[in-house]
file data21.txt (compact mmCIF, C-alpha atoms)
# COMPACT_ATOMS: atom_id res chain seq x y z
CA MET A 1 4.00 90.83 -22.82
CA SER A 2 7.58 91.53 -23.80
CA LEU A 3 10.40 89.28 -22.72
CA ASN A 4 14.05 90.09 -22.41
CA GLN A 5 17.19 88.26 -21.40
CA LYS A 6 17.05 89.63 -17.84
CA ASP A 7 13.64 88.05 -17.20
CA LEU A 8 14.70 84.53 -18.10
CA ASP A 9 17.13 81.91 -16.92
CA LEU A 10 19.43 81.60 -19.93
CA ASP A 11 20.81 78.23 -18.82
CA SER A 12 17.59 76.69 -20.08
CA ASP A 13 17.54 75.86 -23.79
CA GLU A 14 13.79 76.31 -23.87
CA ASN A 15 14.13 79.92 -22.65
CA LEU A 16 16.71 80.63 -25.34
CA ILE A 17 14.29 79.31 -27.94
CA LEU A 18 11.52 81.43 -26.47
CA LEU A 19 13.72 84.51 -26.87
CA TYR A 20 14.60 83.45 -30.42
CA LYS A 21 10.94 83.08 -31.29
CA LYS A 22 10.33 86.56 -29.85
CA GLY A 23 12.83 87.97 -32.36
CA ASP A 24 16.23 87.77 -30.64
CA ARG A 25 18.05 86.13 -33.58
CA GLU A 26 21.50 86.45 -31.99
CA ILE A 27 20.50 83.95 -29.31
CA PHE A 28 20.77 81.16 -31.87
CA LYS A 29 24.55 81.55 -31.67
CA GLU A 30 24.36 80.63 -27.99
CA LEU A 31 22.61 77.38 -28.94
CA ILE A 32 25.34 76.64 -31.49
CA ASP A 33 28.05 77.30 -28.90
CA ARG A 34 26.28 75.07 -26.41
CA TYR A 35 25.71 72.09 -28.69
CA SER A 36 28.46 72.14 -31.32
CA GLN A 37 30.96 70.17 -29.21
CA PRO A 38 28.66 67.34 -27.98
CA LEU A 39 27.05 67.06 -31.42
CA PHE A 40 30.42 67.05 -33.14
CA ASN A 41 31.58 64.22 -30.90
CA PHE A 42 28.45 62.20 -31.61
CA VAL A 43 28.42 62.86 -35.36
CA ALA A 44 32.17 62.22 -35.68
CA HIS A 45 31.73 58.79 -34.10
CA LEU A 46 29.03 57.95 -36.63
CA VAL A 47 30.27 59.46 -39.89
CA GLY A 48 33.95 59.97 -39.19
CA LYS A 49 35.83 63.07 -38.09
CA GLU A 50 36.48 64.22 -41.67
CA ASN A 51 32.74 64.46 -42.49
CA ALA A 52 31.55 65.63 -39.09
CA SER A 53 31.88 69.40 -39.65
CA ASP A 54 29.77 69.30 -42.83
CA ILE A 55 27.12 67.13 -41.23
CA LEU A 56 27.05 69.37 -38.19
CA GLN A 57 26.54 72.43 -40.37
CA GLU A 58 23.63 70.64 -42.04
CA VAL A 59 22.21 69.76 -38.61
CA PHE A 60 22.28 73.37 -37.41
CA ILE A 61 20.75 74.62 -40.65
CA LYS A 62 17.90 72.11 -40.17
CA VAL A 63 17.53 73.29 -36.58
CA TRP A 64 17.49 76.92 -37.67
CA LYS A 65 14.87 76.22 -40.35
CA ASN A 66 12.63 74.19 -38.02
CA ILE A 67 13.15 75.84 -34.67
CA ARG A 68 9.70 77.44 -34.80
CA LYS A 69 8.19 73.96 -35.04
CA PHE A 70 10.01 72.79 -31.90
CA ASP A 71 7.47 71.91 -29.22
CA GLU A 72 8.90 71.76 -25.71
CA LYS A 73 5.82 69.83 -24.55
CA LYS A 74 6.78 66.91 -26.79
CA SER A 75 10.49 66.68 -25.99
CA SER A 76 13.43 68.57 -24.56
CA PHE A 77 15.57 70.61 -26.93
CA LYS A 78 18.52 68.29 -26.27
CA THR A 79 16.49 65.25 -27.35
CA TRP A 80 15.19 67.12 -30.38
CA ILE A 81 18.58 68.34 -31.62
CA PHE A 82 20.24 64.95 -31.08
CA THR A 83 17.38 63.31 -33.00
CA ILE A 84 18.06 65.65 -35.93
CA ALA A 85 21.79 64.88 -35.69
CA LYS A 86 21.14 61.15 -35.60
CA ASN A 87 18.78 61.27 -38.59
CA THR A 88 21.14 63.46 -40.62
CA SER A 89 24.08 61.17 -39.87
CA PHE A 90 22.13 58.00 -40.71
CA ASP A 91 20.89 59.61 -43.95
CA PHE A 92 24.48 60.45 -44.84
CA LEU A 93 25.59 56.88 -44.13
CA ARG A 94 22.74 55.51 -46.23
CA LYS A 95 23.50 57.89 -49.11
CA LYS A 96 27.15 56.95 -49.04
CA LYS A 97 26.01 53.33 -48.86
CA ILE A 98 28.32 52.85 -45.93
CA ILE A 99 25.39 51.12 -44.28
CA SER A 100 22.13 49.84 -45.67
CA PHE A 101 18.79 50.40 -43.98
CA SER A 102 18.84 46.84 -42.70
CA ASP A 103 22.20 47.46 -41.05
CA LEU A 104 20.59 50.17 -38.97
CA GLU A 105 18.09 47.65 -37.74
CA THR A 106 20.47 45.61 -35.64
CA LYS A 107 20.13 41.86 -35.67
CA GLU A 108 17.60 40.43 -33.26
CA GLY A 109 18.04 37.02 -31.73
CA PHE A 110 21.45 37.71 -30.27
CA GLU A 111 20.92 34.86 -27.89
CA ASP A 112 24.36 33.74 -26.87
CA PHE A 113 25.77 34.14 -23.41
CA SER A 114 24.69 37.82 -23.33
CA GLU A 115 21.50 37.08 -21.45
CA THR A 116 23.25 35.05 -18.79
CA VAL A 117 26.00 37.51 -17.84
CA LYS A 118 25.10 39.97 -15.10
CA ASP A 119 25.26 43.68 -16.06
CA GLU A 120 28.02 44.54 -13.56
CA ASN A 121 30.19 41.73 -14.95
CA LEU A 122 29.84 42.69 -18.60
CA LEU A 123 33.11 44.60 -18.62
CA PRO A 124 35.27 43.58 -15.68
CA ASP A 125 38.05 45.89 -14.42
CA LYS A 126 40.68 43.79 -16.15
CA LEU A 127 39.11 44.53 -19.53
CA LEU A 128 38.39 48.15 -18.70
CA GLU A 129 42.10 48.64 -18.09
CA LYS A 130 42.76 47.58 -21.66
CA ILE A 131 40.64 50.37 -23.13
CA GLN A 132 42.17 53.25 -21.17
CA ASP A 133 43.74 54.55 -24.36
CA ALA A 134 41.29 56.99 -25.99
CA GLU A 135 42.42 56.28 -29.54
CA TYR A 136 42.09 52.56 -29.08
CA LEU A 137 38.60 52.98 -27.63
CA ASN A 138 37.62 55.18 -30.56
CA GLU A 139 38.85 52.48 -32.93
CA LEU A 140 36.72 49.92 -31.14
CA LEU A 141 33.69 52.20 -31.15
CA GLU A 142 34.03 52.70 -34.89
CA LYS A 143 33.70 48.98 -35.42
CA LEU A 144 30.39 48.81 -33.56
CA PRO A 145 27.04 48.91 -35.41
CA ALA A 146 25.55 52.42 -35.59
CA HIS A 147 22.80 51.88 -33.02
CA TYR A 148 25.11 50.28 -30.46
CA LYS A 149 27.60 53.09 -30.85
CA THR A 150 24.83 55.66 -30.51
CA VAL A 151 23.56 54.15 -27.27
CA LEU A 152 27.05 54.07 -25.73
CA ILE A 153 27.84 57.66 -26.72
CA PHE A 154 24.51 58.99 -25.49
CA HIS A 155 24.59 57.07 -22.25
CA TYR A 156 28.22 57.48 -21.22
CA GLN A 157 29.36 60.68 -22.90
CA GLU A 158 26.16 62.71 -22.95
CA GLU A 159 24.85 61.23 -19.69
CA MET A 160 21.42 60.54 -21.15
CA THR A 161 19.00 58.12 -19.57
CA PHE A 162 17.82 55.08 -21.53
CA ASP A 163 14.43 56.73 -21.67
CA GLU A 164 15.85 59.79 -23.44
CA ILE A 165 17.83 57.55 -25.79
CA SER A 166 14.71 55.55 -26.62
CA LYS A 167 12.99 58.79 -27.65
CA ILE A 168 15.88 59.82 -29.89
CA LEU A 169 16.18 56.41 -31.53
CA ASP A 170 12.41 55.99 -31.59
CA LYS A 171 12.76 52.50 -30.11
CA PRO A 172 11.13 50.90 -27.08
CA LEU A 173 12.99 51.26 -23.79
CA ASN A 174 13.75 47.55 -23.57
CA THR A 175 15.25 47.55 -27.06
CA VAL A 176 17.57 50.38 -26.07
CA LYS A 177 18.60 48.52 -22.90
CA SER A 178 19.22 45.49 -25.05
CA TYR A 179 21.35 47.56 -27.49
CA HIS A 180 23.36 48.80 -24.55
CA ARG A 181 24.00 45.31 -23.26
CA ARG A 182 24.92 44.00 -26.69
CA ALA A 183 27.18 46.99 -27.35
CA ILE A 184 29.11 46.27 -24.17
CA LEU A 185 29.33 42.61 -25.10
CA GLU A 186 30.60 43.49 -28.57
CA LEU A 187 33.23 45.70 -26.97
CA ARG A 188 34.14 42.87 -24.63
CA LYS A 189 34.50 40.48 -27.55
CA MET A 190 36.77 42.91 -29.38
CA ILE A 191 38.96 43.57 -26.36
CA VAL A 192 39.34 39.88 -25.57
CA MET B 1 31.57 49.21 -14.30
CA GLU B 2 29.21 52.00 -15.40
CA ASN B 3 31.15 54.82 -13.71
CA GLU B 4 34.52 53.55 -14.87
CA LEU B 5 33.31 53.11 -18.44
CA ALA B 6 31.78 56.61 -18.39
CA LYS B 7 35.17 58.04 -17.35
CA ILE B 8 36.97 56.18 -20.12
CA MET B 9 34.33 57.05 -22.72
CA LYS B 10 34.52 60.75 -21.87
CA LYS B 11 38.25 60.72 -22.53
CA ALA B 12 37.57 59.17 -25.95
CA GLY B 13 35.37 62.02 -27.19
CA TYR B 14 36.32 63.79 -30.44
CA GLN B 15 37.17 67.46 -30.10
CA ALA B 16 35.73 69.95 -32.59
CA GLU B 17 37.86 72.63 -34.23
CA PRO B 18 37.87 75.74 -32.00
CA ASN B 19 36.25 77.92 -34.68
CA LEU B 20 33.55 75.41 -35.67
CA SER B 21 30.72 77.25 -33.88
CA GLU B 22 31.78 80.51 -35.48
CA ASP B 23 31.88 78.91 -38.95
CA ILE B 24 28.41 77.39 -38.50
CA TRP B 25 27.01 80.72 -37.28
CA ARG B 26 28.57 82.52 -40.23
CA SER B 27 27.09 80.05 -42.72
CA ILE B 28 23.65 80.50 -41.16
CA VAL B 29 23.94 84.29 -41.32
CA LEU B 30 24.96 83.97 -44.99
CA ARG B 31 21.90 81.85 -45.68
CA GLN B 32 19.71 84.35 -43.85
CA LYS B 33 21.15 87.17 -45.99
CA LYS B 34 20.58 85.18 -49.16
CA ALA B 35 16.99 84.33 -48.16
CA ALA B 36 16.33 87.98 -47.24
CA LYS B 37 17.69 89.14 -50.63
CA ILE B 38 15.53 86.65 -52.54
CA LYS B 39 12.45 87.71 -50.57
CA LEU B 40 13.29 91.40 -51.08
CA THR B 41 13.56 90.87 -54.85
CA LEU B 42 10.31 88.89 -55.04
CA PHE B 43 8.32 91.32 -52.90
CA SER B 44 9.75 94.35 -54.73
CA ILE B 45 8.75 92.86 -58.09
CA THR B 46 5.28 92.01 -56.77
CA SER B 47 4.72 95.49 -55.35
CA PHE B 48 6.02 97.08 -58.56
CA VAL B 49 3.72 94.93 -60.72
CA ALA B 50 0.78 95.73 -58.42
CA PHE B 51 1.62 99.45 -58.56
CA VAL B 52 1.90 99.51 -62.37
CA GLY B 53 -1.17 97.28 -62.74
CA ALA B 54 -3.18 99.62 -60.53
CA PHE B 55 -3.20 102.39 -63.20
CA PRO B 56 -5.25 100.58 -65.91
CA ILE B 57 -7.43 98.97 -63.23
CA PHE B 58 -8.28 102.33 -61.66
CA LYS B 59 -8.80 103.88 -65.08
CA ASN B 60 -11.19 101.06 -65.94
CA LEU B 61 -12.93 101.51 -62.60
CA ALA B 62 -13.48 105.21 -63.29
CA THR B 63 -14.89 104.38 -66.75
CA GLN B 64 -17.19 101.75 -65.26
CA PHE B 65 -18.48 104.26 -62.70
CA ALA B 66 -19.14 106.78 -65.48
CA GLN B 67 -20.88 104.28 -67.76
CA SER B 68 -23.00 102.59 -65.11
CA GLY B 69 -25.03 105.71 -64.27
CA PHE B 70 -23.70 105.73 -60.73
CA TYR B 71 -22.83 109.43 -60.82
CA GLU B 72 -26.32 110.31 -62.15
CA TYR B 73 -28.04 108.49 -59.32
CA LEU B 74 -25.68 110.03 -56.84
CA SER B 75 -26.30 113.56 -58.12
CA LEU B 76 -30.04 112.85 -57.99
CA ALA B 77 -29.67 112.05 -54.32
CA PHE B 78 -28.09 115.45 -53.67
CA SER B 79 -30.20 117.50 -56.06
CA ASN B 80 -33.56 116.65 -54.52
CA VAL B 81 -32.84 116.22 -50.82
CA SER B 82 -36.35 117.27 -49.71
CA GLY B 83 -38.10 114.77 -51.97
CA LEU B 84 -35.70 112.01 -51.05
CA ALA B 85 -37.77 110.80 -48.12
CA GLY B 86 -40.33 109.14 -50.38
CA PHE B 87 -38.00 107.11 -52.55
CA TRP B 88 -34.70 106.82 -50.66
CA LYS B 89 -34.90 103.04 -50.55
CA GLU B 90 -35.28 102.73 -54.32
CA LEU B 91 -32.49 105.24 -54.80
CA VAL B 92 -30.12 103.32 -52.52
CA TYR B 93 -30.92 100.09 -54.39
CA SER B 94 -30.34 101.80 -57.74
CA ILE B 95 -27.01 103.24 -56.58
CA ALA B 96 -25.99 99.84 -55.26
CA GLU B 97 -26.97 98.15 -58.53
CA THR B 98 -24.90 100.56 -60.57
CA LEU B 99 -21.76 99.89 -58.55
CA PRO B 100 -19.13 98.04 -60.69
CA VAL B 101 -18.58 95.42 -57.98
CA SER B 102 -16.04 93.27 -59.81
CA ASN B 103 -13.92 96.30 -60.69
CA ILE B 104 -14.07 97.57 -57.13
CA LEU B 105 -12.98 94.17 -55.81
CA LEU B 106 -10.15 93.99 -58.34
CA SER B 107 -8.96 97.47 -57.39
CA CYS B 108 -9.08 96.62 -53.67
CA ALA B 109 -7.11 93.44 -54.34
CA VAL B 110 -4.41 95.36 -56.23
CA VAL B 111 -4.14 97.94 -53.45
CA PHE B 112 -3.99 95.15 -50.85
CA ILE B 113 -1.28 93.26 -52.77
CA PHE B 114 0.70 96.44 -53.26
CA PHE B 115 0.70 97.43 -49.59
CA LEU B 116 1.30 93.88 -48.35
CA SER B 117 4.25 93.23 -50.65
CA ALA B 118 5.65 96.70 -49.98
CA ARG B 119 5.40 96.00 -46.26
CA TYR B 120 7.23 92.67 -46.60
CA ALA B 121 9.85 94.22 -48.89
CA LEU B 122 10.47 96.90 -46.26
CA LYS B 123 10.72 94.20 -43.61
CA GLN B 124 13.41 92.46 -45.66
CA VAL B 125 15.31 95.74 -46.03
CA ILE B 126 15.32 96.08 -42.23
CA ARG B 127 16.33 92.42 -41.91
CA ASN B 128 19.21 92.94 -44.35
CA GLN B 129 20.33 95.96 -42.34
CA GLU B 130 20.31 93.89 -39.12
CA LEU B 131 22.27 91.07 -40.76
CA ALA B 132 24.80 93.53 -42.18
CA PHE B 133 25.98 94.16 -38.61
CA ASN B 134 26.67 90.44 -38.05

call {"tool": "encode", "arguments": {"input": "data21.txt", "output": "structure tokens"}}
result
Amino acid sequence: MSLNQKDLDLDSDENLILLYKKGDREIFKELIDRYSQPLFNFVAHLVGKENASDILQEVFIKVWKNIRKFDEKKSSFKTWIFTIAKNTSFDFLRKKKIISFSDLETKEGFEDFSETVKDENLLPDKLLEKIQDAEYLNELLEKLPAHYKTVLIFHYQEEMTFDEISKILDKPLNTVKSYHRRAILELRKMIV
Amino acid sequence: MENELAKIMKKAGYQAEPNLSEDIWRSIVLRQKKAAKIKLTLFSITSFVAFVGAFPIFKNLATQFAQSGFYEYLSLAFSNVSGLAGFWKELVYSIAETLPVSNILLSCAVVFIFFLSARYALKQVIRNQELAFN
């Protein structure tokens, strides 16, 4: 059975990959166009804006080399590509010794007032007003540990669910929720 | 809090250079071209070696056929067709025994390698042509 672009809904990443696997090589450019901006934003927050373009290029080359191994039954393409971006960025940070492996495993036993504050009160409006400036917020985000930052970017900028984030980080759902809570609390601490 | 934070976070996103996608695509095309060229070279060399190697192998095969008595048995089969009915089984066995099996297998392998590598080399030529338009 032959497939062509008219037969498929091209909004779906999985259909684009199907066409690519059937020999339409040009369709890979569409995937690059679709994901370069969100991936750049994510990677830039992790490795810095100056290194982001190189890392992103590496990410897309890995995607291009492994796209035939992508299995849509296991995960969505978005989850898969962000996992590759996360791993590539963390590898870069490790190589540059900006963070050690243990730094990626955030400290457990963060048992201060975090567990007693209700979620909706973590960042009250008064504090939110203080981070309206994008540059200031970026500065604060840069100071956060890699996993906390990742959870915030995925959840608020990429609109991913905690379940999707847990798949990308390969962590249990509760751990991701805990990262989210702690990330907000870290932000709160820095703002105050 | 969630909605408000989402709004603020979205404003804080880093913007990529406008030509970033194009640059990434170009670097991938370059890699594809490079990979296609390497494959073309390797497959061309393999098919050339198989082609050149086929001459002594076929020559050896012909010698083996001549020395094994295969042609004699075969001519016997055609020279005495009427009397063949009585000993056709023995004749078939004898013909089969005289076949230079290892040489035949080697020749088949060379032909197979030649056609396969030539096919892949041709594929890479087509691939290079496609990429040249990008």

call {"tool": "atom_distance", "arguments": {"input": "data21.txt", "atom1": "CA of Glu139 (chain A)", "atom2": "CA of Trp80 (chain A)"}}
result
27.9 Å

call {"tool": "closest_residue", "arguments": {"input": "data21.txt", "among": "B:Ser117, B:Gln32, B:Thr46, B:Asn103", "to": "Ile61 (chain A)", "atoms": "only C-alpha atoms"}}
result
B:Gln32

call {"tool": "closest_atom_pairs", "arguments": {"input": "data21.txt", "of": "chain A", "to": "chain B", "cutoff": "6 Å", "atoms": "all atoms listed in the file", "output": "tab-separated table"}}
result
residue	atom	partner	partner_atom	distance
A:Ile32	CA	B:Ser21	CA	5.9
A:Asp33	CA	B:Ser21	CA	5.7
A:Gln37	CA	B:Ala16	CA	5.9
A:Asn41	CA	B:Tyr14	CA	4.8
A:Gln57	CA	B:Ile24	CA	5.6
A:Glu120	CA	B:Met1	CA	5.9
A:Ala134	CA	B:Ala12	CA	4.3
A:Tyr156	CA	B:Ala6	CA	4.6
A:Gln157	CA	B:Lys10	CA	5.3

call {"tool": "write_last_selection", "arguments": {"input": "data21.txt", "atoms": "C-alpha atoms", "output": "tab-separated table (two decimals), in the coordinates of the input"}}
result
chain	number	residue	atom	x	y	z
A	32	ILE	CA	25.34	76.64	-31.49
A	33	ASP	CA	28.05	77.30	-28.90
A	37	GLN	CA	30.96	70.17	-29.21
A	41	ASN	CA	31.58	64.22	-30.90
A	57	GLN	CA	26.54	72.43	-40.37
A	120	GLU	CA	28.02	44.54	-13.56
A	134	ALA	CA	41.29	56.99	-25.99
A	156	TYR	CA	28.22	57.48	-21.22
A	157	GLN	CA	29.36	60.68	-22.90

call {"tool": "residues_around", "arguments": {"input": "data21.txt", "residues": "His45 (chain A)", "least_positions_apart": "3", "cutoff": "12 Å", "atoms": "all atoms listed in the file", "output": "NGL selection string"}}
result
(:A and (38-42 or 48-53 or 55 or 85-86 or 89-90 or 93 or 135 or 137-154 or 157)) or (:B and (9 or 12-16))

call {"tool": "closest_residue", "arguments": {"input": "data21.txt", "among": "A:Pro172, A:Lys167, A:Lys130, A:Phe28", "to": "Leu187 (chain A)", "atoms": "all atoms listed in the file"}}
result
A:Lys130

call {"tool": "atom_distance", "arguments": {"input": "data21.txt", "atom1": "CA of Gln67 (chain B)", "atom2": "CA of Phe51 (chain B)"}}
result
24.8 Å

call {"tool": "atom_distance", "arguments": {"input": "data21.txt", "atom1": "CA of Leu42 (chain B)", "atom2": "CA of Leu122 (chain B)"}}
result
11.9 Å

call {"tool": "residues_around", "arguments": {"input": "data21.txt", "residues": "Ser47 (chain B)", "least_positions_apart": "3", "cutoff": "12 Å", "atoms": "all atoms listed in the file", "output": "PyMOL selection string"}}
result
chain B and resi 39-44+50-54+110-122

call {"tool": "write_last_selection", "arguments": {"input": "data21.txt", "atoms": "C-alpha atoms", "output": "PDB file, in the coordinates of the input"}}
result
ATOM      1  CA  LYS B  39      12.450  87.710 -50.570  1.00  0.00           C
ATOM      2  CA  LEU B  40      13.290  91.400 -51.080  1.00  0.00           C
ATOM      3  CA  THR B  41      13.560  90.870 -54.850  1.00  0.00           C
ATOM      4  CA  LEU B  42      10.310  88.890 -55.040  1.00  0.00           C
ATOM      5  CA  PHE B  43       8.320  91.320 -52.900  1.00  0.00           C
ATOM      6  CA  SER B  44       9.750  94.350 -54.730  1.00  0.00           C
ATOM      7  CA  ALA B  50       0.780  95.730 -58.420  1.00  0.00           C
ATOM      8  CA  PHE B  51       1.620  99.450 -58.560  1.00  0.00           C
ATOM      9  CA  VAL B  52       1.900  99.510 -62.370  1.00  0.00           C
ATOM     10  CA  GLY B  53      -1.170  97.280 -62.740  1.00  0.00           C
ATOM     11  CA  ALA B  54      -3.180  99.620 -60.530  1.00  0.00           C
ATOM     12  CA  VAL B 110      -4.410  95.360 -56.230  1.00  0.00           C
ATOM     13  CA  VAL B 111      -4.140  97.940 -53.450  1.00  0.00           C
ATOM     14  CA  PHE B 112      -3.990  95.150 -50.850  1.00  0.00           C
ATOM     15  CA  ILE B 113      -1.280  93.260 -52.770  1.00  0.00           C
ATOM     16  CA  PHE B 114       0.700  96.440 -53.260  1.00  0.00           C
ATOM     17  CA  PHE B 115       0.700  97.430 -49.590  1.00  0.00           C
ATOM     18  CA  LEU B 116       1.300  93.880 -48.350  1.00  0.00           C
ATOM     19  CA  SER B 117       4.250  93.230 -50.650  1.00  0.00           C
ATOM     20  CA  ALA B 118       5.650  96.700 -49.980  1.00  0.00           C
ATOM     21  CA  ARG B 119       5.400  96.000 -46.260  1.00  0.00           C
ATOM     22  CA  TYR B 120       7.230  92.670 -46.600  1.00  0.00           C
ATOM     23  CA  ALA B 121       9.850  94.220 -48.890  1.00  0.00           C
ATOM     24  CA  LEU B 122      10.470  96.900 -46.260  1.00  0.00           C
TER      25      LEU B 122
END

call {"tool": "residues_around", "arguments": {"input": "data21.txt", "residues": "Gly86 (chain B)", "least_positions_apart": "6", "cutoff": "12 Å", "atoms": "only C-alpha atoms", "output": "tab-separated table (two decimals) with C-alpha atoms, in the coordinates of the input"}}
result
chain	number	residue	atom	x	y	z
B	77	ALA	CA	-29.67	112.05	-54.32
B	80	ASN	CA	-33.56	116.65	-54.52
B	92	VAL	CA	-30.12	103.32	-52.52

call {"tool": "decode", "arguments": {"input": "data21.txt", "residues": "region 30-55 of chain A", "atoms": "N, CA and C atoms", "output": "short mmCIF file (atom, residue, chain, number, x, y, z; two decimals), in the first residue's frame"}}
result
data_model
loop_
_atom_site.label_atom_id
_atom_site.label_comp_id
_atom_site.auth_asym_id
_atom_site.auth_seq_id
_atom_site.Cartn_x
_atom_site.Cartn_y
_atom_site.Cartn_z
N GLU A 30 10.18 19.26 8.12
CA GLU A 30 8.95 19.69 8.81
C GLU A 30 9.07 19.42 10.31
N LEU A 31 9.65 18.27 10.64
CA LEU A 31 9.85 17.94 12.07
C LEU A 31 10.83 18.92 12.72
N ILE A 32 11.86 19.29 11.97
CA ILE A 32 12.84 20.27 12.50
C ILE A 32 12.14 21.61 12.74
N ASP A 33 11.36 22.04 11.74
CA ASP A 33 10.65 23.33 11.87
C ASP A 33 9.71 23.30 13.09
N ARG A 34 9.08 22.17 13.28
CA ARG A 34 8.08 22.05 14.34
C ARG A 34 8.71 22.07 15.73
N TYR A 35 9.88 21.44 15.85
CA TYR A 35 10.46 21.25 17.20
C TYR A 35 11.67 22.11 17.51
N SER A 36 12.22 22.82 16.53
CA SER A 36 13.46 23.55 16.84
C SER A 36 13.24 24.63 17.91
N GLN A 37 12.13 25.36 17.83
CA GLN A 37 11.91 26.44 18.81
C GLN A 37 11.68 25.89 20.24
N PRO A 38 10.72 24.98 20.46
CA PRO A 38 10.55 24.47 21.83
C PRO A 38 11.78 23.76 22.37
N LEU A 39 12.50 23.04 21.50
CA LEU A 39 13.71 22.35 21.97
C LEU A 39 14.81 23.35 22.28
N PHE A 40 14.89 24.39 21.45
CA PHE A 40 15.92 25.41 21.70
C PHE A 40 15.68 26.06 23.07
N ASN A 41 14.44 26.39 23.33
CA ASN A 41 14.09 27.02 24.60
C ASN A 41 14.49 26.12 25.78
N PHE A 42 14.14 24.85 25.67
CA PHE A 42 14.46 23.90 26.74
C PHE A 42 15.97 23.73 26.92
N VAL A 43 16.65 23.50 25.79
CA VAL A 43 18.10 23.26 25.84
C VAL A 43 18.84 24.51 26.32
N ALA A 44 18.38 25.68 25.86
CA ALA A 44 19.04 26.93 26.27
C ALA A 44 18.93 27.14 27.78
N HIS A 45 17.80 26.74 28.35
CA HIS A 45 17.66 26.88 29.80
C HIS A 45 18.62 25.94 30.55
N LEU A 46 18.92 24.81 29.93
CA LEU A 46 19.80 23.85 30.62
C LEU A 46 21.28 24.15 30.39
N VAL A 47 21.65 24.40 29.13
CA VAL A 47 23.09 24.51 28.84
C VAL A 47 23.53 25.93 28.54
N GLY A 48 22.59 26.85 28.51
CA GLY A 48 22.93 28.23 28.19
C GLY A 48 22.67 28.51 26.72
N LYS A 49 22.30 29.76 26.44
CA LYS A 49 21.92 30.13 25.07
C LYS A 49 23.07 29.96 24.09
N GLU A 50 24.30 30.20 24.57
CA GLU A 50 25.46 30.16 23.67
C GLU A 50 25.78 28.74 23.18
N ASN A 51 25.40 27.74 23.97
CA ASN A 51 25.68 26.34 23.57
C ASN A 51 24.46 25.66 22.94
N ALA A 52 23.31 26.32 23.05
CA ALA A 52 22.06 25.65 22.68
C ALA A 52 21.99 25.21 21.22
N SER A 53 22.49 26.07 20.30
CA SER A 53 22.40 25.73 18.87
C SER A 53 23.18 24.46 18.55
N ASP A 54 24.39 24.35 19.13
CA ASP A 54 25.22 23.16 18.87
C ASP A 54 24.56 21.91 19.43
N ILE A 55 24.03 22.04 20.64
CA ILE A 55 23.38 20.88 21.27
C ILE A 55 22.15 20.48 20.45
#
